[in-house]
Amino acid sequence: MLIKIGVIGPDDSIKRINHVATYFDRIELVNFPYHQVDEIEHILKKNRGLVDQWFFSGQSPFYYALEKGWITDKEGSFPPLHGSSFFGALLEAQMKEQMLFTKISIDTISKQEIETAVKFHSFDGIDIASYPYEGYRSAEQLVEYHRSLHEKGEIEAAITCIQSVQKSLTEMGIPCYRVVPTNLSIRMILQYLLERAQSRKYRKSQIAIVGIEVIYSTQTLDESHFSYKMKHQELDLKRNLLGIAQKINGSMVQLGDGLFFVYTTRGELDLQEEESIFSTLTQEVKAHTDLDIRVGLGFGVTVLEAEHHVRLAFQHARKHESSIVVSVNEDKTVTEILPSSKPVTYSLNNLGDEWKAAFNEATVSSAIVSKILSLSRHYDKEEITSQDISRWLKSTERNGRRILTEMERIGIVTISGEEQSGGRGRPRKLYRFQL
């Protein structure tokens, strides 16, 4: 499987990256040189579908595209700069200028990285003014930083990581040299992007099963199970589901009254933004058929695993009386999406090895604890009460007290105070997570 990686950077950086890439037989590079940083927007928008990952020549262009929203941090990366890169530029400066520089300025590279390199090589006699930063800084800001230091006589030469900064300072008559990533750093990022692209391709080919179940009340089933009205509603529902199946290139199967499965792949759902398409489906079905439905999404390497996760999704969805979308990933991560509410995600697995022994003897499952923790973060509550638990889990307050008491016993939460209930009776205890 050949992976295409788009390379964005100045011409000289792209040549260096292409040279290092000759060691990889599963990578095909697509080069996109630029002269001005604003050109990156056009490159990304026009060629996004042509490559699997993006390789940026440096920190500045990568974070510039990230801040502008042209790319996500999962779509690309850049080679980090180390102390050895800095000393390579310093040696080049001294050889070309035929002098020993003792006062220099440098941008981009972290102060800690510079200090570590200086101490390791015992270069304590060099006075280094550094301008480290995270994210993006404009070339004008960096030029002004080096220029002001040079005019004050605080530096003899400047070292930069940006080609346009080097060009501007050189035109001003300031000795300036450029730091470039080492071959090892470039090779490391190429390997990283290769593995991430392969992982994403594998993930897109995963089996995805969409389960749709009509929410029938007991009274509705008794009164209209064999009525023509219900059959017409089901036909209208099928029409809506066939439209969804067509959008996601899936195959629809009816498994019983009011229960349908649509088989597709994760990649097809990703194209349609799975959360929004199914949240919209529940609203459309309600408007066209007057039926409430629950949607369960299951993902897996095999059909059996995906179907098992659909069943798990339905188990969680049935705890809600209204329409809901619930998905279960291959790692047992559950995401619940209620209408007009942000998604809530929690894990069915335990909370870590250190809690494994505690949950073996507990009367509350790690899945319930994970859900409570996720909901407390969702509602930005640092302290929780039994009333919160009962509302979140759709249970009684007595059950909420039981869960919190058990969580306190195994050390998940601790009592942090009390609050008055506003009426008669004892005040409620406040609990805080210890995770």
# chains A, B, ... in the order shown; residues from 1 in each chain; ligands from 1
>>> residues_around(residues="Phe261 (chain A)", least_positions_apart="4", cutoff="9 Å", atoms="only C-alpha atoms", output="list in words")
Ile209, Val210, Gly211, Ile212, Glu213, Ser251, Met252, Val253, Gln254 and Leu255 of chain A
>>> closest_atom_pairs(of="region 11-111 of chain A", to="region 126-138 of chain A", cutoff="6 Å", atoms="only C-alpha atoms", output="Markdown table")
| residue | atom | partner | partner_atom | distance |
| --- | --- | --- | --- | --- |
| A:Ser60 | CA | A:Tyr136 | CA | 5.0 |
| A:Tyr63 | CA | A:Gly135 | CA | 5.0 |
| A:Tyr64 | CA | A:Tyr136 | CA | 5.4 |
| A:Thr102 | CA | A:Ile126 | CA | 4.5 |
| A:Lys103 | CA | A:Asp127 | CA | 4.7 |
| A:Ile104 | CA | A:Ile128 | CA | 5.2 |
| A:Ser105 | CA | A:Ala129 | CA | 4.5 |
| A:Ile106 | CA | A:Ser130 | CA | 4.9 |
| A:Asp107 | CA | A:Tyr131 | CA | 4.5 |
| A:Thr108 | CA | A:Pro132 | CA | 4.5 |
| A:Ile109 | CA | A:Pro132 | CA | 5.4 |
| A:Ser110 | CA | A:Pro132 | CA | 4.9 |
>>> closest_residue(among="A:Tyr228, A:Thr22, A:Ile372, A:Ser365", to="Thr345 (chain A)", atoms="only C-alpha atoms")
A:Ile372
>>> residues_around(residues="Leu29 (chain A)", least_positions_apart="4", cutoff="12 Å", atoms="only C-alpha atoms", output="count of residues only")
26
>>> select_by_dssp(residues="region 272-410 of chain A", states="strand (DSSP E)", output="PyMOL selection string")
chain A and resi 293-300+324-328+333-337+344-347+383-384
>>> write_last_selection(atoms="N, CA and C atoms", output="PDB file, in the first residue's frame")
ATOM      1  N   ILE A 293     -37.184   7.174  17.285  1.00  0.00           N
ATOM      2  CA  ILE A 293     -36.260   6.064  17.044  1.00  0.00           C
ATOM      3  C   ILE A 293     -34.994   6.255  17.868  1.00  0.00           C
ATOM      4  N   ARG A 294     -34.361   5.149  18.159  1.00  0.00           N
ATOM      5  CA  ARG A 294     -33.020   5.179  18.755  1.00  0.00           C
ATOM      6  C   ARG A 294     -32.059   4.592  17.730  1.00  0.00           C
ATOM      7  N   VAL A 295     -30.867   5.196  17.643  1.00  0.00           N
ATOM      8  CA  VAL A 295     -29.870   4.762  16.665  1.00  0.00           C
ATOM      9  C   VAL A 295     -28.649   4.264  17.406  1.00  0.00           C
ATOM     10  N   GLY A 296     -28.203   3.070  17.053  1.00  0.00           N
ATOM     11  CA  GLY A 296     -26.989   2.508  17.632  1.00  0.00           C
ATOM     12  C   GLY A 296     -25.952   2.287  16.547  1.00  0.00           C
ATOM     13  N   LEU A 297     -24.739   2.805  16.770  1.00  0.00           N
ATOM     14  CA  LEU A 297     -23.647   2.615  15.816  1.00  0.00           C
ATOM     15  C   LEU A 297     -22.622   1.678  16.434  1.00  0.00           C
ATOM     16  N   GLY A 298     -22.251   0.656  15.683  1.00  0.00           N
ATOM     17  CA  GLY A 298     -21.241  -0.285  16.161  1.00  0.00           C
ATOM     18  C   GLY A 298     -20.112  -0.415  15.159  1.00  0.00           C
ATOM     19  N   PHE A 299     -18.870  -0.359  15.654  1.00  0.00           N
ATOM     20  CA  PHE A 299     -17.694  -0.462  14.784  1.00  0.00           C
ATOM     21  C   PHE A 299     -16.862  -1.660  15.212  1.00  0.00           C
ATOM     22  N   GLY A 300     -16.205  -2.291  14.232  1.00  0.00           N
ATOM     23  CA  GLY A 300     -15.362  -3.432  14.561  1.00  0.00           C
ATOM     24  C   GLY A 300     -14.564  -3.904  13.364  1.00  0.00           C
ATOM     25  N   ILE A 324     -32.360   9.026  20.645  1.00  0.00           N
ATOM     26  CA  ILE A 324     -30.949   9.195  21.010  1.00  0.00           C
ATOM     27  C   ILE A 324     -30.082   8.455  20.005  1.00  0.00           C
ATOM     28  N   VAL A 325     -28.865   8.924  19.840  1.00  0.00           N
ATOM     29  CA  VAL A 325     -27.871   8.238  19.005  1.00  0.00           C
ATOM     30  C   VAL A 325     -26.731   7.811  19.920  1.00  0.00           C
ATOM     31  N   VAL A 326     -26.390   6.522  19.905  1.00  0.00           N
ATOM     32  CA  VAL A 326     -25.303   5.985  20.734  1.00  0.00           C
ATOM     33  C   VAL A 326     -24.364   5.197  19.843  1.00  0.00           C
ATOM     34  N   SER A 327     -23.065   5.459  19.949  1.00  0.00           N
ATOM     35  CA  SER A 327     -22.075   4.695  19.183  1.00  0.00           C
ATOM     36  C   SER A 327     -21.104   4.021  20.127  1.00  0.00           C
ATOM     37  N   VAL A 328     -20.645   2.833  19.732  1.00  0.00           N
ATOM     38  CA  VAL A 328     -19.647   2.083  20.498  1.00  0.00           C
ATOM     39  C   VAL A 328     -18.500   1.740  19.557  1.00  0.00           C
ATOM     40  N   THR A 333     -15.404   2.484  23.594  1.00  0.00           N
ATOM     41  CA  THR A 333     -15.717   3.862  23.951  1.00  0.00           C
ATOM     42  C   THR A 333     -17.142   4.172  23.504  1.00  0.00           C
ATOM     43  N   VAL A 334     -17.954   4.673  24.429  1.00  0.00           N
ATOM     44  CA  VAL A 334     -19.366   4.952  24.163  1.00  0.00           C
ATOM     45  C   VAL A 334     -19.561   6.457  24.013  1.00  0.00           C
ATOM     46  N   THR A 335     -20.284   6.854  22.971  1.00  0.00           N
ATOM     47  CA  THR A 335     -20.644   8.261  22.763  1.00  0.00           C
ATOM     48  C   THR A 335     -22.159   8.366  22.671  1.00  0.00           C
ATOM     49  N   GLU A 336     -22.754   9.181  23.537  1.00  0.00           N
ATOM     50  CA  GLU A 336     -24.201   9.386  23.545  1.00  0.00           C
ATOM     51  C   GLU A 336     -24.509  10.785  23.026  1.00  0.00           C
ATOM     52  N   ILE A 337     -25.433  10.867  22.065  1.00  0.00           N
ATOM     53  CA  ILE A 337     -25.803  12.155  21.467  1.00  0.00           C
ATOM     54  C   ILE A 337     -27.306  12.333  21.601  1.00  0.00           C
ATOM     55  N   VAL A 344     -21.629  13.108  24.747  1.00  0.00           N
ATOM     56  CA  VAL A 344     -20.970  12.698  25.988  1.00  0.00           C
ATOM     57  C   VAL A 344     -20.271  11.377  25.712  1.00  0.00           C
ATOM     58  N   THR A 345     -18.966  11.308  25.979  1.00  0.00           N
ATOM     59  CA  THR A 345     -18.174  10.116  25.682  1.00  0.00           C
ATOM     60  C   THR A 345     -17.593   9.537  26.965  1.00  0.00           C
ATOM     61  N   TYR A 346     -17.663   8.210  27.099  1.00  0.00           N
ATOM     62  CA  TYR A 346     -17.063   7.528  28.235  1.00  0.00           C
ATOM     63  C   TYR A 346     -16.646   6.130  27.796  1.00  0.00           C
ATOM     64  N   SER A 347     -15.878   5.466  28.620  1.00  0.00           N
ATOM     65  CA  SER A 347     -15.313   4.160  28.255  1.00  0.00           C
ATOM     66  C   SER A 347     -15.949   3.047  29.072  1.00  0.00           C
ATOM     67  N   GLU A 383     -17.713  19.194  41.941  1.00  0.00           N
ATOM     68  CA  GLU A 383     -18.305  18.459  43.056  1.00  0.00           C
ATOM     69  C   GLU A 383     -19.674  17.945  42.630  1.00  0.00           C
ATOM     70  N   ILE A 384     -19.987  16.706  42.995  1.00  0.00           N
ATOM     71  CA  ILE A 384     -21.244  16.087  42.576  1.00  0.00           C
ATOM     72  C   ILE A 384     -22.010  15.597  43.796  1.00  0.00           C
TER      73      ILE A 384
END
>>> decode(residues="region 88-103 of chain A", atoms="all heavy atoms", output="PDB file, in the first residue's frame")
ATOM      1  N   GLY A  88      24.993  23.279  13.998  1.00  0.00           N
ATOM      2  CA  GLY A  88      25.351  23.184  12.585  1.00  0.00           C
ATOM      3  C   GLY A  88      25.291  24.548  11.918  1.00  0.00           C
ATOM      4  O   GLY A  88      26.182  24.920  11.137  1.00  0.00           O
ATOM      5  N   ALA A  89      24.235  25.318  12.229  1.00  0.00           N
ATOM      6  CA  ALA A  89      24.113  26.669  11.670  1.00  0.00           C
ATOM      7  C   ALA A  89      25.194  27.590  12.227  1.00  0.00           C
ATOM      8  O   ALA A  89      25.743  28.435  11.509  1.00  0.00           O
ATOM      9  CB  ALA A  89      22.721  27.228  11.984  1.00  0.00           C
ATOM     10  N   LEU A  90      25.521  27.437  13.507  1.00  0.00           N
ATOM     11  CA  LEU A  90      26.557  28.276  14.133  1.00  0.00           C
ATOM     12  C   LEU A  90      27.923  28.008  13.502  1.00  0.00           C
ATOM     13  O   LEU A  90      28.704  28.944  13.237  1.00  0.00           O
ATOM     14  CB  LEU A  90      26.601  28.005  15.639  1.00  0.00           C
ATOM     15  CG  LEU A  90      27.647  28.787  16.440  1.00  0.00           C
ATOM     16  CD1 LEU A  90      27.416  30.284  16.310  1.00  0.00           C
ATOM     17  CD2 LEU A  90      27.614  28.366  17.908  1.00  0.00           C
ATOM     18  N   LEU A  91      28.230  26.740  13.247  1.00  0.00           N
ATOM     19  CA  LEU A  91      29.506  26.391  12.615  1.00  0.00           C
ATOM     20  C   LEU A  91      29.571  26.958  11.196  1.00  0.00           C
ATOM     21  O   LEU A  91      30.618  27.487  10.778  1.00  0.00           O
ATOM     22  CB  LEU A  91      29.664  24.870  12.580  1.00  0.00           C
ATOM     23  CG  LEU A  91      30.932  24.330  11.915  1.00  0.00           C
ATOM     24  CD1 LEU A  91      32.181  24.853  12.641  1.00  0.00           C
ATOM     25  CD2 LEU A  91      30.926  22.804  11.892  1.00  0.00           C
ATOM     26  N   GLU A  92      28.459  26.880  10.461  1.00  0.00           N
ATOM     27  CA  GLU A  92      28.414  27.444   9.105  1.00  0.00           C
ATOM     28  C   GLU A  92      28.682  28.948   9.137  1.00  0.00           C
ATOM     29  O   GLU A  92      29.434  29.490   8.311  1.00  0.00           O
ATOM     30  CB  GLU A  92      27.050  27.172   8.473  1.00  0.00           C
ATOM     31  CG  GLU A  92      26.906  27.729   7.056  1.00  0.00           C
ATOM     32  CD  GLU A  92      25.493  27.630   6.523  1.00  0.00           C
ATOM     33  OE1 GLU A  92      24.603  27.152   7.256  1.00  0.00           O
ATOM     34  OE2 GLU A  92      25.283  28.062   5.369  1.00  0.00           O
ATOM     35  N   ALA A  93      28.069  29.647  10.116  1.00  0.00           N
ATOM     36  CA  ALA A  93      28.248  31.092  10.241  1.00  0.00           C
ATOM     37  C   ALA A  93      29.714  31.440  10.493  1.00  0.00           C
ATOM     38  O   ALA A  93      30.279  32.369   9.898  1.00  0.00           O
ATOM     39  CB  ALA A  93      27.365  31.633  11.361  1.00  0.00           C
ATOM     40  N   GLN A  94      30.359  30.715  11.384  1.00  0.00           N
ATOM     41  CA  GLN A  94      31.744  31.002  11.737  1.00  0.00           C
ATOM     42  C   GLN A  94      32.698  30.688  10.589  1.00  0.00           C
ATOM     43  O   GLN A  94      33.688  31.410  10.374  1.00  0.00           O
ATOM     44  CB  GLN A  94      32.129  30.222  13.000  1.00  0.00           C
ATOM     45  CG  GLN A  94      31.346  30.691  14.216  1.00  0.00           C
ATOM     46  CD  GLN A  94      31.699  29.937  15.480  1.00  0.00           C
ATOM     47  OE1 GLN A  94      31.633  30.475  16.570  1.00  0.00           O
ATOM     48  NE2 GLN A  94      32.069  28.680  15.351  1.00  0.00           N
ATOM     49  N   MET A  95      32.424  29.653   9.836  1.00  0.00           N
ATOM     50  CA  MET A  95      33.276  29.302   8.699  1.00  0.00           C
ATOM     51  C   MET A  95      33.167  30.352   7.596  1.00  0.00           C
ATOM     52  O   MET A  95      34.164  30.769   7.010  1.00  0.00           O
ATOM     53  CB  MET A  95      32.876  27.925   8.161  1.00  0.00           C
ATOM     54  CG  MET A  95      33.175  26.775   9.122  1.00  0.00           C
ATOM     55  SD  MET A  95      34.956  26.512   9.361  1.00  0.00           S
ATOM     56  CE  MET A  95      35.403  25.863   7.760  1.00  0.00           C
ATOM     57  N   LYS A  96      31.923  30.797   7.289  1.00  0.00           N
ATOM     58  CA  LYS A  96      31.736  31.758   6.206  1.00  0.00           C
ATOM     59  C   LYS A  96      32.229  33.155   6.578  1.00  0.00           C
ATOM     60  O   LYS A  96      32.758  33.886   5.745  1.00  0.00           O
ATOM     61  CB  LYS A  96      30.255  31.802   5.806  1.00  0.00           C
ATOM     62  CG  LYS A  96      29.813  30.580   5.007  1.00  0.00           C
ATOM     63  CD  LYS A  96      28.419  30.771   4.420  1.00  0.00           C
ATOM     64  CE  LYS A  96      28.054  29.591   3.540  1.00  0.00           C
ATOM     65  NZ  LYS A  96      26.707  29.742   2.928  1.00  0.00           N
ATOM     66  N   GLU A  97      32.021  33.555   7.833  1.00  0.00           N
ATOM     67  CA  GLU A  97      32.420  34.896   8.259  1.00  0.00           C
ATOM     68  C   GLU A  97      33.872  34.949   8.729  1.00  0.00           C
ATOM     69  O   GLU A  97      34.413  36.037   8.958  1.00  0.00           O
ATOM     70  CB  GLU A  97      31.507  35.375   9.389  1.00  0.00           C
ATOM     71  CG  GLU A  97      30.033  35.431   9.026  1.00  0.00           C
ATOM     72  CD  GLU A  97      29.709  36.461   7.961  1.00  0.00           C
ATOM     73  OE1 GLU A  97      30.460  37.458   7.847  1.00  0.00           O
ATOM     74  OE2 GLU A  97      28.699  36.277   7.247  1.00  0.00           O
ATOM     75  N   GLN A  98      34.484  33.746   8.877  1.00  0.00           N
ATOM     76  CA  GLN A  98      35.882  33.662   9.317  1.00  0.00           C
ATOM     77  C   GLN A  98      36.109  34.416  10.643  1.00  0.00           C
ATOM     78  O   GLN A  98      37.063  35.163  10.808  1.00  0.00           O
ATOM     79  CB  GLN A  98      36.807  34.213   8.233  1.00  0.00           C
ATOM     80  CG  GLN A  98      36.887  33.343   6.982  1.00  0.00           C
ATOM     81  CD  GLN A  98      37.528  31.991   7.260  1.00  0.00           C
ATOM     82  OE1 GLN A  98      38.687  31.902   7.705  1.00  0.00           O
ATOM     83  NE2 GLN A  98      36.782  30.923   7.029  1.00  0.00           N
ATOM     84  N   MET A  99      35.174  34.188  11.575  1.00  0.00           N
ATOM     85  CA  MET A  99      35.316  34.803  12.897  1.00  0.00           C
ATOM     86  C   MET A  99      34.543  33.961  13.914  1.00  0.00           C
ATOM     87  O   MET A  99      33.664  33.173  13.553  1.00  0.00           O
ATOM     88  CB  MET A  99      34.809  36.240  12.910  1.00  0.00           C
ATOM     89  CG  MET A  99      33.318  36.392  12.666  1.00  0.00           C
ATOM     90  SD  MET A  99      32.747  38.106  12.823  1.00  0.00           S
ATOM     91  CE  MET A  99      32.949  38.369  14.590  1.00  0.00           C
ATOM     92  N   LEU A 100      34.923  34.129  15.170  1.00  0.00           N
ATOM     93  CA  LEU A 100      34.282  33.381  16.247  1.00  0.00           C
ATOM     94  C   LEU A 100      33.191  34.254  16.876  1.00  0.00           C
ATOM     95  O   LEU A 100      33.475  35.275  17.501  1.00  0.00           O
ATOM     96  CB  LEU A 100      35.316  32.990  17.309  1.00  0.00           C
ATOM     97  CG  LEU A 100      34.790  32.154  18.483  1.00  0.00           C
ATOM     98  CD1 LEU A 100      34.274  30.803  17.989  1.00  0.00           C
ATOM     99  CD2 LEU A 100      35.879  31.956  19.531  1.00  0.00           C
ATOM    100  N   PHE A 101      31.939  33.847  16.703  1.00  0.00           N
ATOM    101  CA  PHE A 101      30.832  34.608  17.263  1.00  0.00           C
ATOM    102  C   PHE A 101      30.626  34.223  18.728  1.00  0.00           C
ATOM    103  O   PHE A 101      30.540  33.032  19.065  1.00  0.00           O
ATOM    104  CB  PHE A 101      29.536  34.330  16.481  1.00  0.00           C
ATOM    105  CG  PHE A 101      29.553  34.883  15.088  1.00  0.00           C
ATOM    106  CD1 PHE A 101      29.538  34.030  13.988  1.00  0.00           C
ATOM    107  CD2 PHE A 101      29.581  36.251  14.870  1.00  0.00           C
ATOM    108  CE1 PHE A 101      29.545  34.541  12.706  1.00  0.00           C
ATOM    109  CE2 PHE A 101      29.595  36.772  13.585  1.00  0.00           C
ATOM    110  CZ  PHE A 101      29.582  35.916  12.497  1.00  0.00           C
ATOM    111  N   THR A 102      30.520  35.210  19.581  1.00  0.00           N
ATOM    112  CA  THR A 102      30.257  34.950  21.012  1.00  0.00           C
ATOM    113  C   THR A 102      28.915  35.525  21.458  1.00  0.00           C
ATOM    114  O   THR A 102      28.459  35.234  22.557  1.00  0.00           O
ATOM    115  CB  THR A 102      31.379  35.565  21.872  1.00  0.00           C
ATOM    116  OG1 THR A 102      31.461  36.977  21.603  1.00  0.00           O
ATOM    117  CG2 THR A 102      32.717  34.911  21.574  1.00  0.00           C
ATOM    118  N   LYS A 103      28.314  36.358  20.598  1.00  0.00           N
ATOM    119  CA  LYS A 103      27.004  36.932  20.928  1.00  0.00           C
ATOM    120  C   LYS A 103      26.066  36.730  19.745  1.00  0.00           C
ATOM    121  O   LYS A 103      26.270  37.317  18.678  1.00  0.00           O
ATOM    122  CB  LYS A 103      27.138  38.429  21.248  1.00  0.00           C
ATOM    123  CG  LYS A 103      27.948  38.733  22.490  1.00  0.00           C
ATOM    124  CD  LYS A 103      27.911  40.211  22.855  1.00  0.00           C
ATOM    125  CE  LYS A 103      28.589  41.054  21.790  1.00  0.00           C
ATOM    126  NZ  LYS A 103      28.589  42.510  22.163  1.00  0.00           N
TER     127      LYS A 103
END
